[in-house]
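Q: Data file input.cif (mmCIF, C-alpha atoms and all ligand atoms) is appended below.
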```cif
data_coords
#
loop_
_atom_site.label_atom_id
_atom_site.label_comp_id
_atom_site.auth_asym_id
_atom_site.auth_seq_id
_atom_site.Cartn_x
_atom_site.Cartn_y
_atom_site.Cartn_z
CA MET A 1403 16.51 -1.92 24.01
CA ASP A 1404 16.50 1.84 24.00
CA THR A 1405 19.71 2.36 22.16
CA HIS A 1406 19.85 4.96 19.43
CA THR A 1407 17.82 8.05 20.21
CA THR A 1408 17.79 10.46 17.31
CA ASP A 1409 17.12 14.17 16.95
CA THR A 1410 13.80 13.32 15.42
CA ASP A 1411 12.85 11.41 18.53
CA ARG A 1412 13.81 14.30 20.78
CA THR A 1413 12.11 17.06 18.83
CA GLY A 1414 8.93 15.08 18.77
CA THR A 1415 8.52 15.21 15.00
CA ALA A 1416 7.45 11.61 15.26
CA GLY A 1417 3.98 12.97 16.09
CA ALA A 1418 1.23 12.39 13.58
CA HIS A 1419 0.33 16.08 13.38
CA LEU A 1420 2.40 17.26 10.54
CA PRO A 1421 1.42 19.42 7.60
CA GLN A 1422 0.44 17.34 4.59
CA LEU A 1423 3.19 17.22 1.99
CA HIS A 1424 2.79 16.20 -1.60
CA GLU A 1425 5.68 15.28 -3.82
CA PRO A 1426 5.36 15.85 -7.56
CA ARG A 1427 4.26 12.57 -9.14
CA ASN A 1428 6.75 10.20 -10.67
CA GLU A 1429 6.36 10.81 -14.40
CA GLY A 1430 8.66 7.90 -15.19
CA MET A 1431 11.38 7.74 -17.81
CA PRO A 1432 12.21 5.65 -20.89
CA LEU A 1433 13.10 2.05 -20.10
CA ASP A 1434 16.86 1.90 -19.53
CA LEU A 1435 17.78 -1.76 -20.01
CA ASP A 1436 21.47 -1.17 -19.26
CA TRP A 1437 20.55 0.22 -15.87
CA VAL A 1438 18.19 -2.70 -15.23
CA ALA A 1439 20.87 -5.23 -16.21
CA SER A 1440 23.39 -3.58 -13.92
CA VAL A 1441 21.20 -4.02 -10.83
CA GLN A 1442 22.41 -6.70 -8.45
CA ALA A 1443 21.30 -7.75 -4.98
CA ASN A 1444 23.74 -9.29 -2.51
CA THR A 1445 21.27 -11.65 -0.84
CA SER A 1446 23.47 -12.77 2.06
CA ALA A 1447 24.50 -9.20 2.92
CA ILE A 1448 20.88 -8.02 2.73
CA GLU A 1449 19.69 -10.90 4.89
CA ARG A 1450 22.45 -10.30 7.44
CA ARG A 1451 21.55 -6.63 7.71
CA ALA A 1452 17.81 -7.39 7.91
CA ALA A 1453 18.40 -9.90 10.70
CA THR A 1454 20.00 -7.22 12.87
CA LEU A 1455 17.22 -4.68 12.41
CA PRO A 1456 14.61 -5.69 15.02
CA GLY A 1457 17.06 -5.66 17.94
CA ARG A 1458 19.60 -3.11 16.81
CA ARG A 1459 17.62 0.05 16.88
CA SER A 1460 14.49 0.90 18.75
CA VAL A 1461 12.41 3.89 19.66
CA LYS A 1462 12.90 5.26 23.17
CA LYS A 1463 9.99 4.49 25.48
CA GLU A 1464 8.93 8.11 25.94
CA TRP A 1465 8.60 8.55 22.17
CA GLN A 1466 6.87 5.28 21.46
CA ALA A 1467 3.34 6.67 21.65
CA ALA A 1468 4.21 9.39 19.11
CA TRP A 1469 5.77 6.82 16.78
CA LEU A 1470 2.81 4.48 17.14
CA ALA A 1471 0.46 7.36 16.32
CA ARG A 1472 2.60 8.08 13.28
CA ALA A 1473 2.29 4.44 12.26
CA VAL A 1474 -1.51 4.73 12.48
CA SER A 1475 -1.47 7.74 10.15
CA LEU A 1476 0.45 5.60 7.63
CA ILE A 1477 -1.88 2.60 7.52
CA ASP A 1478 -3.90 1.67 4.45
CA LEU A 1479 -6.64 0.12 6.54
CA THR A 1480 -7.57 -2.89 4.49
CA THR A 1481 -10.28 -5.46 4.02
CA LEU A 1482 -9.83 -7.79 1.06
CA ALA A 1483 -11.96 -10.81 1.79
CA GLY A 1484 -14.43 -12.74 -0.30
CA ASP A 1485 -17.06 -12.24 2.37
CA ASP A 1486 -16.72 -8.44 2.57
CA THR A 1487 -20.08 -6.71 2.91
CA ASP A 1488 -21.22 -3.09 2.81
CA GLY A 1489 -21.67 -3.30 6.57
CA ARG A 1490 -18.11 -4.48 7.18
CA VAL A 1491 -16.70 -1.78 4.91
CA ARG A 1492 -18.77 0.91 6.65
CA ARG A 1493 -17.51 -0.24 10.05
CA LEU A 1494 -13.96 -0.20 8.74
CA CYS A 1495 -14.45 3.33 7.43
CA ALA A 1496 -15.81 4.47 10.81
CA LYS A 1497 -12.64 3.02 12.32
CA ALA A 1498 -10.53 4.82 9.70
CA ARG A 1499 -12.09 8.14 10.74
CA GLN A 1500 -11.40 7.47 14.41
CA PRO A 1501 -8.74 4.76 14.62
CA VAL A 1502 -7.86 5.38 18.26
CA SER A 1503 -10.23 6.29 21.08
CA PRO A 1504 -10.41 10.04 21.90
CA ARG A 1505 -9.55 9.22 25.52
CA ILE A 1506 -6.20 7.74 24.47
CA LEU A 1507 -5.52 10.52 21.98
CA ASP A 1508 -6.19 13.16 24.67
CA ALA A 1509 -3.83 11.39 27.02
CA ILE A 1510 -1.01 11.38 24.47
CA GLY A 1511 -1.77 14.94 23.39
CA LEU A 1512 -3.00 14.32 19.85
CA PRO A 1513 -6.47 15.78 19.29
CA ASP A 1514 -7.22 13.86 16.13
CA LEU A 1515 -5.74 11.17 13.99
CA THR A 1516 -6.88 9.26 10.92
CA VAL A 1517 -5.38 6.46 8.86
CA GLY A 1518 -3.66 6.99 5.49
CA ALA A 1519 -6.37 5.37 3.36
CA VAL A 1520 -8.96 2.60 3.26
CA CYS A 1521 -8.14 -0.21 0.84
CA VAL A 1522 -10.87 -2.42 -0.64
CA TYR A 1523 -11.86 -4.45 -3.69
CA HIS A 1524 -13.48 -2.59 -6.58
CA ASP A 1525 -17.01 -3.65 -5.66
CA MET A 1526 -16.65 -1.94 -2.28
CA VAL A 1527 -15.22 1.37 -3.57
CA ALA A 1528 -18.55 3.23 -3.80
CA THR A 1529 -19.53 2.18 -0.28
CA ALA A 1530 -16.17 3.26 1.13
CA VAL A 1531 -16.24 6.59 -0.74
CA ASP A 1532 -19.70 7.28 0.69
CA ALA A 1533 -18.73 6.23 4.22
CA LEU A 1534 -15.61 8.44 4.16
CA ASP A 1535 -17.32 11.46 2.65
CA GLY A 1536 -15.93 14.68 4.11
CA SER A 1537 -13.12 12.94 5.99
CA GLY A 1538 -10.37 13.58 3.44
CA ILE A 1539 -9.36 9.91 3.73
CA PRO A 1540 -8.72 8.48 0.26
CA VAL A 1541 -10.07 5.15 -0.92
CA ALA A 1542 -7.58 2.77 -2.51
CA ALA A 1543 -8.86 0.01 -4.78
CA VAL A 1544 -7.02 -3.19 -5.59
CA SER A 1545 -7.52 -3.60 -9.32
CA THR A 1546 -6.25 -5.49 -12.36
CA GLY A 1547 -7.52 -8.94 -11.43
CA PHE A 1548 -6.14 -8.84 -7.88
CA PRO A 1549 -4.46 -10.89 -6.51
CA ALA A 1550 -3.10 -13.02 -9.42
CA GLY A 1551 -3.40 -10.39 -12.16
CA LEU A 1552 -4.19 -13.00 -14.77
CA SER A 1553 -7.48 -11.73 -16.18
CA PRO A 1554 -7.45 -10.44 -19.80
CA PHE A 1555 -5.35 -7.29 -20.04
CA ARG A 1556 -8.17 -5.14 -21.46
CA LEU A 1557 -10.35 -6.14 -18.49
CA ARG A 1558 -7.58 -5.22 -16.06
CA ILE A 1559 -7.34 -1.79 -17.67
CA ALA A 1560 -11.13 -1.42 -17.67
CA GLU A 1561 -11.23 -2.33 -13.99
CA ILE A 1562 -8.88 0.54 -13.19
CA GLY A 1563 -11.16 2.94 -15.08
CA GLU A 1564 -14.22 1.71 -13.19
CA SER A 1565 -12.54 2.04 -9.81
CA VAL A 1566 -11.44 5.58 -10.62
CA ALA A 1567 -14.95 6.43 -11.83
CA ALA A 1568 -16.35 5.06 -8.55
CA GLY A 1569 -14.15 7.50 -6.63
CA ALA A 1570 -10.93 5.63 -5.83
CA LYS A 1571 -8.06 8.07 -5.48
CA GLU A 1572 -5.43 5.36 -5.33
CA ILE A 1573 -5.16 2.18 -7.37
CA ASP A 1574 -3.11 -0.80 -6.22
CA ILE A 1575 -2.31 -2.78 -9.38
CA VAL A 1576 -0.68 -6.21 -9.53
CA ILE A 1577 2.10 -6.83 -12.01
CA SER A 1578 2.41 -9.93 -14.20
CA ARG A 1579 4.95 -12.01 -12.30
CA ARG A 1580 5.78 -13.98 -15.43
CA HIS A 1581 7.31 -10.87 -17.04
CA VAL A 1582 9.80 -10.75 -14.18
CA LEU A 1583 10.41 -14.49 -14.06
CA THR A 1584 11.20 -14.52 -17.79
CA GLY A 1585 13.20 -11.28 -17.70
CA ASN A 1586 10.80 -9.59 -20.12
CA TRP A 1587 11.41 -6.07 -18.80
CA GLN A 1588 9.93 -4.41 -21.86
CA ALA A 1589 6.61 -6.21 -21.28
CA LEU A 1590 6.64 -5.26 -17.59
CA TYR A 1591 7.42 -1.64 -18.45
CA ASP A 1592 4.68 -1.45 -21.10
CA GLU A 1593 2.10 -3.05 -18.80
CA MET A 1594 2.97 -0.73 -15.92
CA ALA A 1595 2.96 2.37 -18.13
CA GLU A 1596 -0.46 1.50 -19.56
CA MET A 1597 -1.90 0.86 -16.11
CA ARG A 1598 -0.53 4.15 -14.85
CA ALA A 1599 -2.08 5.98 -17.79
CA ALA A 1600 -5.43 4.31 -17.05
CA CYS A 1601 -5.25 5.64 -13.47
CA GLY A 1602 -5.30 9.27 -14.66
CA GLU A 1603 -5.06 11.50 -11.60
CA ALA A 1604 -5.35 8.57 -9.20
CA HIS A 1605 -2.01 7.52 -7.74
CA VAL A 1606 -0.81 4.05 -8.63
CA LYS A 1607 0.87 1.54 -6.36
CA ALA A 1608 2.61 -1.33 -8.14
CA ILE A 1609 2.26 -4.60 -6.22
CA LEU A 1610 5.25 -6.77 -7.08
CA ALA A 1611 4.08 -9.92 -5.22
CA THR A 1612 7.70 -10.35 -4.15
CA GLY A 1613 7.05 -13.80 -2.63
CA GLU A 1614 6.56 -15.05 -6.19
CA LEU A 1615 9.54 -13.36 -7.86
CA GLY A 1616 12.17 -15.93 -6.94
CA THR A 1617 15.18 -13.77 -6.09
CA LEU A 1618 16.00 -10.44 -4.48
CA ARG A 1619 17.71 -9.44 -7.72
CA ASN A 1620 14.39 -9.90 -9.51
CA VAL A 1621 12.72 -7.82 -6.79
CA ALA A 1622 15.29 -5.04 -7.29
CA ARG A 1623 14.96 -5.09 -11.08
CA ALA A 1624 11.14 -5.23 -11.04
CA SER A 1625 11.11 -2.30 -8.58
CA LEU A 1626 13.27 -0.26 -10.92
CA VAL A 1627 11.27 -1.08 -14.06
CA CYS A 1628 7.97 -0.17 -12.35
CA MET A 1629 9.45 3.15 -11.21
CA MET A 1630 10.76 3.84 -14.74
CA ALA A 1631 7.22 3.23 -15.99
CA GLY A 1632 5.77 5.79 -13.57
CA ALA A 1633 4.67 3.94 -10.42
CA ASP A 1634 3.92 6.40 -7.59
CA PHE A 1635 4.51 3.66 -5.01
CA ILE A 1636 6.02 0.22 -5.11
CA LYS A 1637 4.33 -2.30 -2.83
CA THR A 1638 5.59 -5.69 -1.70
CA SER A 1639 2.63 -8.03 -1.72
CA THR A 1640 -1.06 -8.64 -2.09
CA GLY A 1641 -1.28 -10.28 1.33
CA LYS A 1642 -2.36 -13.46 -0.50
CA GLU A 1643 1.05 -14.90 -1.40
CA SER A 1644 2.54 -17.53 0.88
CA VAL A 1645 5.38 -15.08 1.73
CA ASN A 1646 4.41 -11.42 1.98
CA ALA A 1647 6.30 -8.38 3.35
CA THR A 1648 9.72 -9.22 4.80
CA LEU A 1649 12.63 -7.09 5.94
CA PRO A 1650 15.08 -8.37 3.27
CA VAL A 1651 12.57 -7.58 0.53
CA SER A 1652 11.95 -4.18 2.11
CA LEU A 1653 15.65 -3.37 2.21
CA THR A 1654 15.94 -4.35 -1.44
CA MET A 1655 12.97 -2.25 -2.52
CA ILE A 1656 13.81 0.86 -0.52
CA ARG A 1657 17.37 0.78 -1.83
CA ALA A 1658 15.91 0.67 -5.34
CA ILE A 1659 13.83 3.73 -4.39
CA ARG A 1660 16.97 5.43 -3.10
CA ASP A 1661 18.88 4.66 -6.30
CA TYR A 1662 16.01 5.90 -8.43
CA GLU A 1663 15.91 9.16 -6.51
CA ALA A 1664 19.69 9.55 -6.74
CA ARG A 1665 19.55 9.13 -10.53
CA THR A 1666 16.31 11.02 -11.32
CA GLY A 1667 15.61 13.30 -8.33
CA VAL A 1668 12.14 11.72 -8.02
CA LYS A 1669 10.83 10.29 -4.75
CA VAL A 1670 8.73 7.13 -5.07
CA GLY A 1671 6.65 5.81 -2.18
CA TYR A 1672 6.95 2.44 -0.44
CA LYS A 1673 4.21 0.15 0.89
CA PRO A 1674 5.08 -3.05 2.70
CA ALA A 1675 1.91 -5.16 2.87
CA GLY A 1676 0.81 -8.56 4.07
CA GLY A 1677 1.36 -10.11 7.46
CA ILE A 1678 2.30 -6.91 9.34
CA SER A 1679 0.14 -7.18 12.42
CA LYS A 1680 2.30 -6.18 15.41
CA ALA A 1681 3.07 -2.68 16.65
CA LYS A 1682 6.66 -3.74 17.29
CA ASP A 1683 7.09 -4.75 13.65
CA ALA A 1684 5.61 -1.43 12.51
CA LEU A 1685 8.24 0.41 14.58
CA THR A 1686 10.99 -1.70 13.02
CA TYR A 1687 9.75 -0.70 9.56
CA LEU A 1688 9.65 2.97 10.52
CA THR A 1689 13.21 2.92 11.84
CA LEU A 1690 14.32 1.09 8.69
CA ILE A 1691 12.74 3.75 6.49
CA LYS A 1692 14.23 6.51 8.61
CA ASP A 1693 17.70 4.95 8.35
CA GLU A 1694 17.64 4.15 4.65
CA LEU A 1695 15.51 6.90 3.13
CA GLY A 1696 15.20 9.62 5.78
CA ASP A 1697 12.38 11.40 7.60
CA ARG A 1698 10.76 12.72 4.43
CA TRP A 1699 9.53 9.21 3.65
CA LEU A 1700 7.72 8.91 6.98
CA ARG A 1701 4.67 10.70 5.62
CA PRO A 1702 1.51 9.28 4.04
CA ASP A 1703 2.39 10.57 0.58
CA LEU A 1704 5.52 8.38 0.56
CA PHE A 1705 4.91 5.51 2.95
CA ARG A 1706 2.01 3.22 3.84
CA PHE A 1707 1.53 -0.02 5.68
CA GLY A 1708 -0.89 -2.33 3.88
CA ALA A 1709 -2.51 -4.06 6.83
CA SER A 1710 -5.82 -5.53 7.91
CA SER A 1711 -4.94 -6.29 11.52
CA LEU A 1712 -2.11 -3.97 12.59
CA LEU A 1713 -4.28 -1.20 13.98
CA GLY A 1714 -5.74 -3.39 16.73
CA ASP A 1715 -2.31 -4.16 18.17
CA ILE A 1716 -1.19 -0.53 17.95
CA GLU A 1717 -4.32 0.51 19.86
CA ARG A 1718 -3.55 -2.04 22.54
CA GLN A 1719 0.01 -0.72 22.86
CA LEU A 1720 -1.21 2.87 23.03
CA GLU A 1721 -3.73 1.94 25.69
CA HIS A 1722 -0.96 0.25 27.63
CA HIS A 1723 1.17 3.38 27.27
CA VAL A 1724 -1.62 5.49 28.76
CA THR A 1725 -3.11 3.19 31.41
CA GLY A 1726 -0.28 0.76 32.15
CA ALA A 1727 -2.63 -2.17 31.38
CA TYR A 1728 -3.39 -4.15 28.26
CA SER A 1729 -6.98 -4.34 27.09
CA ALA A 1730 -8.44 -7.56 25.76
CA GLY A 1731 -7.87 -8.22 22.05
CA TRP A 1732 -11.61 -8.45 21.38
CA ARG A 1733 -12.01 -4.75 22.21
CA HIS A 1734 -10.07 -3.95 19.04
CA ALA A 1735 -11.50 -6.72 16.94
CA LEU A 1736 -12.28 -4.67 13.83
CA ALA A 1737 -8.76 -3.72 12.90
O1 LIG B 1801 -2.63 -4.77 0.90
C1 LIG B 1801 -2.83 -5.20 2.00
C2 LIG B 1801 -2.78 -6.61 2.38
O2 LIG B 1801 -3.68 -7.37 1.66
C3 LIG B 1801 -3.06 -6.76 3.83
O3 LIG B 1801 -2.57 -7.98 4.25
P1 LIG B 1801 -2.87 -8.53 5.74
O4 LIG B 1801 -4.33 -8.90 5.73
O5 LIG B 1801 -1.96 -9.67 5.92
O6 LIG B 1801 -2.61 -7.41 6.72
#
```
Just dump the structure as structure tokens.

A:
Amino acid sequence: MDTHTTDTDRTGTAGAHLPQLHEPRNEGMPLDLDWVASVQANTSAIERRAATLPGRRSVKKEWQAAWLARAVSLIDLTTLAGDDTDGRVRRLCAKARQPVSPRILDAIGLPDLTVGAVCVYHDMVATAVDALDGSGIPVAAVSTGFPAGLSPFRLRIAEIGESVAAGAKEIDIVISRRHVLTGNWQALYDEMAEMRAACGEAHVKAILATGELGTLRNVARASLVCMMAGADFIKTSTGKESVNATLPVSLTMIRAIRDYEARTGVKVGYKPAGGISKAKDALTYLTLIKDELGDRWLRPDLFRFGASSLLGDIERQLEHHVTGAYSAGWRHALA
């Protein structure tokens, strides 16, 4: 359905070639327990709205290639597998440098395009930093005992320090779910604040593991507490929970981001992650962000997809846009 065309669609600002913007970091604020307690989430209303999103609003066909290219520029291209090797990470980094073939980029009028970041386990950070040297693409490390976050706290903090020392510019931490499930907001705040401090200049994404938080109200409150404690981004999932990024969770988290900005003036980034593997779903997320937060969030400093297999489908759709035919999936096997 090509229903709602917007000014942004028409002016072509969906293209990936935009000047880099950098918001001031979120310095956080003291924990405000009254604010946290006042946060509610109307689950049925959120679910109803989320259910209408995929069909209600879509990107006009002539702008789809530009939006898909934008989606590529927002991917944290990820490999988080027990059998990761230096070779796999180097191939992924080569893909990050050139995520779409030059032939397709020429045809859609974009001379170059890279992903937002490469995301790996700590042990692979040095390899990724070396493989991306000179590209300007940051390396993100998942730290703090990813994915469960249940290793001793001092080791989780030390892991952050080691990833930063190895060259990671972004750290994806996992929160202690039990602090949320027991309503111990002070403990969550303190943990988050200490992890942020350990990151130094590296930006910190707080993974909430929303599939393990029980309710959308918990998701909303945990989002707020992590932002109060200085998270630069809030991220849905590790990709390892049984339920990862969903539209209801996304609506809940981006509304928390909106409320935080309204109250503090500070923009916090959003990263849905886990199970996002189709170009169509990526476009739904982009229209959701555009609707709820506005165009400013559609930039790599405020939005990322955490995804290990989304790029392959976007490439296929871009190829179809250019040639009118779909290529075989195996041609885009890496991403
Ligand atoms: O942070 C990123 C996620 O682990 C990626 O999950 P995925 O493999 O389902 O795309």

Q: Can you measure atom CA of A:Ile1609 to atom CA of A:Ser1537 for me? One decimal in Å is fine.

A: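 Rounded to one decimal, the two atoms are 26.3 Å apart.
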
Q: Find the distance between atom CA of A:Tyr1687 and atom CA of A:Trp1469 and write it in Å to one decimal.

A: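 Atom CA of A:Trp1469 lies 11.2 Å from atom CA of A:Tyr1687.
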
Q: Nearest to ligand LIG 1801 (chain B): which of A:Ala1664, A:Ile1577, A:Cys1601, A:Ala1675 is it, counting all atoms listed in the file?

A: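 The closest residue to ligand LIG 1801 (chain B) is A:Ala1675.
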
Q: Just want the 10 Å neighbourhood of A:Trp1437, counted on only C-alpha atoms, with same-chain residues fewer than 4 positions away dropped. Output as an MDAnalysis selection string.

A: chainID A and resid 1433 1441 1623 1626:1627

Q: Please determine, counting all atoms listed in the file, which residue among A:Ile1678, A:Val1541, A:Leu1610, A:Ala1443 has the shortest atom-to-atom distance to ligand LIG 1801 (chain B).

A: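 Between A:Ile1678, A:Val1541, A:Leu1610, A:Ala1443, the residue approaching ligand LIG 1801 (chain B) most closely is A:Ile1678.
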
Q: Let me see if you get this right: every residue at most 12 Å from ligand LIG 1801 (chain B), counting only C-alpha atoms and all ligand atoms, written as a PDB file with C-alpha atoms, in the coordinates of the input.

A:
```pdb
ATOM      1  CA  ILE A1477      -1.880   2.600   7.520  1.00  0.00           C
ATOM      2  CA  ASP A1478      -3.900   1.670   4.450  1.00  0.00           C
ATOM      3  CA  LEU A1479      -6.640   0.120   6.540  1.00  0.00           C
ATOM      4  CA  THR A1480      -7.570  -2.890   4.490  1.00  0.00           C
ATOM      5  CA  THR A1481     -10.280  -5.460   4.020  1.00  0.00           C
ATOM      6  CA  LEU A1482      -9.830  -7.790   1.060  1.00  0.00           C
ATOM      7  CA  ALA A1483     -11.960 -10.810   1.790  1.00  0.00           C
ATOM      8  CA  ALA A1519      -6.370   5.370   3.360  1.00  0.00           C
ATOM      9  CA  VAL A1520      -8.960   2.600   3.260  1.00  0.00           C
ATOM     10  CA  CYS A1521      -8.140  -0.210   0.840  1.00  0.00           C
ATOM     11  CA  VAL A1522     -10.870  -2.420  -0.640  1.00  0.00           C
ATOM     12  CA  TYR A1523     -11.860  -4.450  -3.690  1.00  0.00           C
ATOM     13  CA  ALA A1542      -7.580   2.770  -2.510  1.00  0.00           C
ATOM     14  CA  ALA A1543      -8.860   0.010  -4.780  1.00  0.00           C
ATOM     15  CA  VAL A1544      -7.020  -3.190  -5.590  1.00  0.00           C
ATOM     16  CA  SER A1545      -7.520  -3.600  -9.320  1.00  0.00           C
ATOM     17  CA  PHE A1548      -6.140  -8.840  -7.880  1.00  0.00           C
ATOM     18  CA  PRO A1549      -4.460 -10.890  -6.510  1.00  0.00           C
ATOM     19  CA  ILE A1573      -5.160   2.180  -7.370  1.00  0.00           C
ATOM     20  CA  ASP A1574      -3.110  -0.800  -6.220  1.00  0.00           C
ATOM     21  CA  ILE A1575      -2.310  -2.780  -9.380  1.00  0.00           C
ATOM     22  CA  VAL A1576      -0.680  -6.210  -9.530  1.00  0.00           C
ATOM     23  CA  LYS A1607       0.870   1.540  -6.360  1.00  0.00           C
ATOM     24  CA  ALA A1608       2.610  -1.330  -8.140  1.00  0.00           C
ATOM     25  CA  ILE A1609       2.260  -4.600  -6.220  1.00  0.00           C
ATOM     26  CA  LEU A1610       5.250  -6.770  -7.080  1.00  0.00           C
ATOM     27  CA  ALA A1611       4.080  -9.920  -5.220  1.00  0.00           C
ATOM     28  CA  ILE A1636       6.020   0.220  -5.110  1.00  0.00           C
ATOM     29  CA  LYS A1637       4.330  -2.300  -2.830  1.00  0.00           C
ATOM     30  CA  THR A1638       5.590  -5.690  -1.700  1.00  0.00           C
ATOM     31  CA  SER A1639       2.630  -8.030  -1.720  1.00  0.00           C
ATOM     32  CA  THR A1640      -1.060  -8.640  -2.090  1.00  0.00           C
ATOM     33  CA  GLY A1641      -1.280 -10.280   1.330  1.00  0.00           C
ATOM     34  CA  LYS A1642      -2.360 -13.460  -0.500  1.00  0.00           C
ATOM     35  CA  GLU A1643       1.050 -14.900  -1.400  1.00  0.00           C
ATOM     36  CA  SER A1644       2.540 -17.530   0.880  1.00  0.00           C
ATOM     37  CA  VAL A1645       5.380 -15.080   1.730  1.00  0.00           C
ATOM     38  CA  ASN A1646       4.410 -11.420   1.980  1.00  0.00           C
ATOM     39  CA  ALA A1647       6.300  -8.380   3.350  1.00  0.00           C
ATOM     40  CA  THR A1648       9.720  -9.220   4.800  1.00  0.00           C
ATOM     41  CA  LYS A1673       4.210   0.150   0.890  1.00  0.00           C
ATOM     42  CA  PRO A1674       5.080  -3.050   2.700  1.00  0.00           C
ATOM     43  CA  ALA A1675       1.910  -5.160   2.870  1.00  0.00           C
ATOM     44  CA  GLY A1676       0.810  -8.560   4.070  1.00  0.00           C
ATOM     45  CA  GLY A1677       1.360 -10.110   7.460  1.00  0.00           C
ATOM     46  CA  ILE A1678       2.300  -6.910   9.340  1.00  0.00           C
ATOM     47  CA  SER A1679       0.140  -7.180  12.420  1.00  0.00           C
ATOM     48  CA  LYS A1680       2.300  -6.180  15.410  1.00  0.00           C
ATOM     49  CA  ALA A1684       5.610  -1.430  12.510  1.00  0.00           C
ATOM     50  CA  ARG A1706       2.010   3.220   3.840  1.00  0.00           C
ATOM     51  CA  PHE A1707       1.530  -0.020   5.680  1.00  0.00           C
ATOM     52  CA  GLY A1708      -0.890  -2.330   3.880  1.00  0.00           C
ATOM     53  CA  ALA A1709      -2.510  -4.060   6.830  1.00  0.00           C
ATOM     54  CA  SER A1710      -5.820  -5.530   7.910  1.00  0.00           C
ATOM     55  CA  SER A1711      -4.940  -6.290  11.520  1.00  0.00           C
ATOM     56  CA  LEU A1712      -2.110  -3.970  12.590  1.00  0.00           C
ATOM     57  CA  LEU A1713      -4.280  -1.200  13.980  1.00  0.00           C
ATOM     58  CA  GLY A1714      -5.740  -3.390  16.730  1.00  0.00           C
ATOM     59  CA  ASP A1715      -2.310  -4.160  18.170  1.00  0.00           C
ATOM     60  CA  ALA A1737      -8.760  -3.720  12.900  1.00  0.00           C
TER      61      ALA A1737
END
```

Q: So how far away is atom CA of A:Arg1657 from atom CA of A:Glu1694, in Å?

A: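 So the two atoms, atom CA of A:Glu1694 and atom CA of A:Arg1657, lie 7.3 Å apart.
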
Q: Kindly indicate which residue among A:Gly1585, A:Pro1650, A:Pro1426, A:Pro1456 lies nearest to A:Ala1624, using only C-alpha atoms for the distances.

A: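 Ranked by minimum distance to A:Ala1624, first place goes to A:Gly1585.
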
Q: Compile a residue-level contact table for stretch 1591-1667 of chain A against stretch 1567-1572 of chain A at a cut-off of 10 Å, reporting for every qualifying residue the shortest atom pair and its distance in Å to one decimal, with only C-alpha atoms counted, rows ordered by chain and ascending number, as a tab-separated table.

A:
```
residue	atom	partner	partner_atom	distance
A:Cys1601	CA	A:Glu1572	CA	8.1
A:Gly1602	CA	A:Lys1571	CA	9.7
A:Glu1603	CA	A:Lys1571	CA	7.6
A:Ala1604	CA	A:Lys1571	CA	4.6
A:His1605	CA	A:Glu1572	CA	4.7
A:Val1606	CA	A:Glu1572	CA	5.8
A:Lys1607	CA	A:Glu1572	CA	7.4
A:Asp1634	CA	A:Glu1572	CA	9.7
```

Q: For C-alpha atoms, I'd like the residues from the last selection saved as a PDB file, in the coordinates of the input.

A:
```pdb
ATOM      1  CA  CYS A1601      -5.250   5.640 -13.470  1.00  0.00           C
ATOM      2  CA  GLY A1602      -5.300   9.270 -14.660  1.00  0.00           C
ATOM      3  CA  GLU A1603      -5.060  11.500 -11.600  1.00  0.00           C
ATOM      4  CA  ALA A1604      -5.350   8.570  -9.200  1.00  0.00           C
ATOM      5  CA  HIS A1605      -2.010   7.520  -7.740  1.00  0.00           C
ATOM      6  CA  VAL A1606      -0.810   4.050  -8.630  1.00  0.00           C
ATOM      7  CA  LYS A1607       0.870   1.540  -6.360  1.00  0.00           C
ATOM      8  CA  ASP A1634       3.920   6.400  -7.590  1.00  0.00           C
TER       9      ASP A1634
END
```

Q: I'd like the neighbourhood of A:Asp1434 as an mmCIF file with C-alpha atoms, in the coordinates of the input, where a residue qualifies if any of its atoms comes within 10 Å (using all atoms listed in the file), though same-chain residues fewer than 2 positions away should be ignored.

A:
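Output saved as out-v7.cif:
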```cif
data_model
loop_
_atom_site.group_PDB
_atom_site.id
_atom_site.type_symbol
_atom_site.label_atom_id
_atom_site.label_comp_id
_atom_site.auth_asym_id
_atom_site.auth_seq_id
_atom_site.Cartn_x
_atom_site.Cartn_y
_atom_site.Cartn_z
ATOM 1 C CA MET A 1431 11.380 7.740 -17.810
ATOM 2 C CA PRO A 1432 12.210 5.650 -20.890
ATOM 3 C CA ASP A 1436 21.470 -1.170 -19.260
ATOM 4 C CA TRP A 1437 20.550 0.220 -15.870
ATOM 5 C CA VAL A 1438 18.190 -2.700 -15.230
ATOM 6 C CA ALA A 1439 20.870 -5.230 -16.210
ATOM 7 C CA TRP A 1587 11.410 -6.070 -18.800
ATOM 8 C CA GLN A 1588 9.930 -4.410 -21.860
ATOM 9 C CA LEU A 1626 13.270 -0.260 -10.920
ATOM 10 C CA VAL A 1627 11.270 -1.080 -14.060
ATOM 11 C CA MET A 1630 10.760 3.840 -14.740
#
```

Q: Determine the nearest neighbour of A:Glu1425 from the options A:Gly1547, A:Pro1513, A:Gly1616, A:Gly1667, counting only C-alpha atoms.

A: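 Checking each candidate against A:Glu1425, we get A:Gly1667 as the closest.
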
Q: Restricting the calculation to all atoms listed in the file, which member of A:Gln1466, A:Gln1422, A:Thr1546, A:Thr1654 is positioned closest to A:Gly1563?

A: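 Result for the nearest residue to A:Gly1563: A:Thr1546.
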
Q: Any idea what's packed within 12 Å of A:Gly1538, counting only C-alpha atoms, ignoring anything in its chain fewer than 4 positions away? Could you give it as a ChimeraX atom specification?

A: /A:1422,1495,1498-1499,1515-1520,1531-1534,1571

Q: Which residues are near A:Arg1660? Cut-off 9 Å, all atoms listed in the file, ignore same chain within fewer than 3 positions. Put them as a list in words.

A: Met1655, Ile1656, Arg1657, Glu1663, Ala1664, Arg1665, Lys1669, Val1670, Glu1694 and Leu1695 of chain A
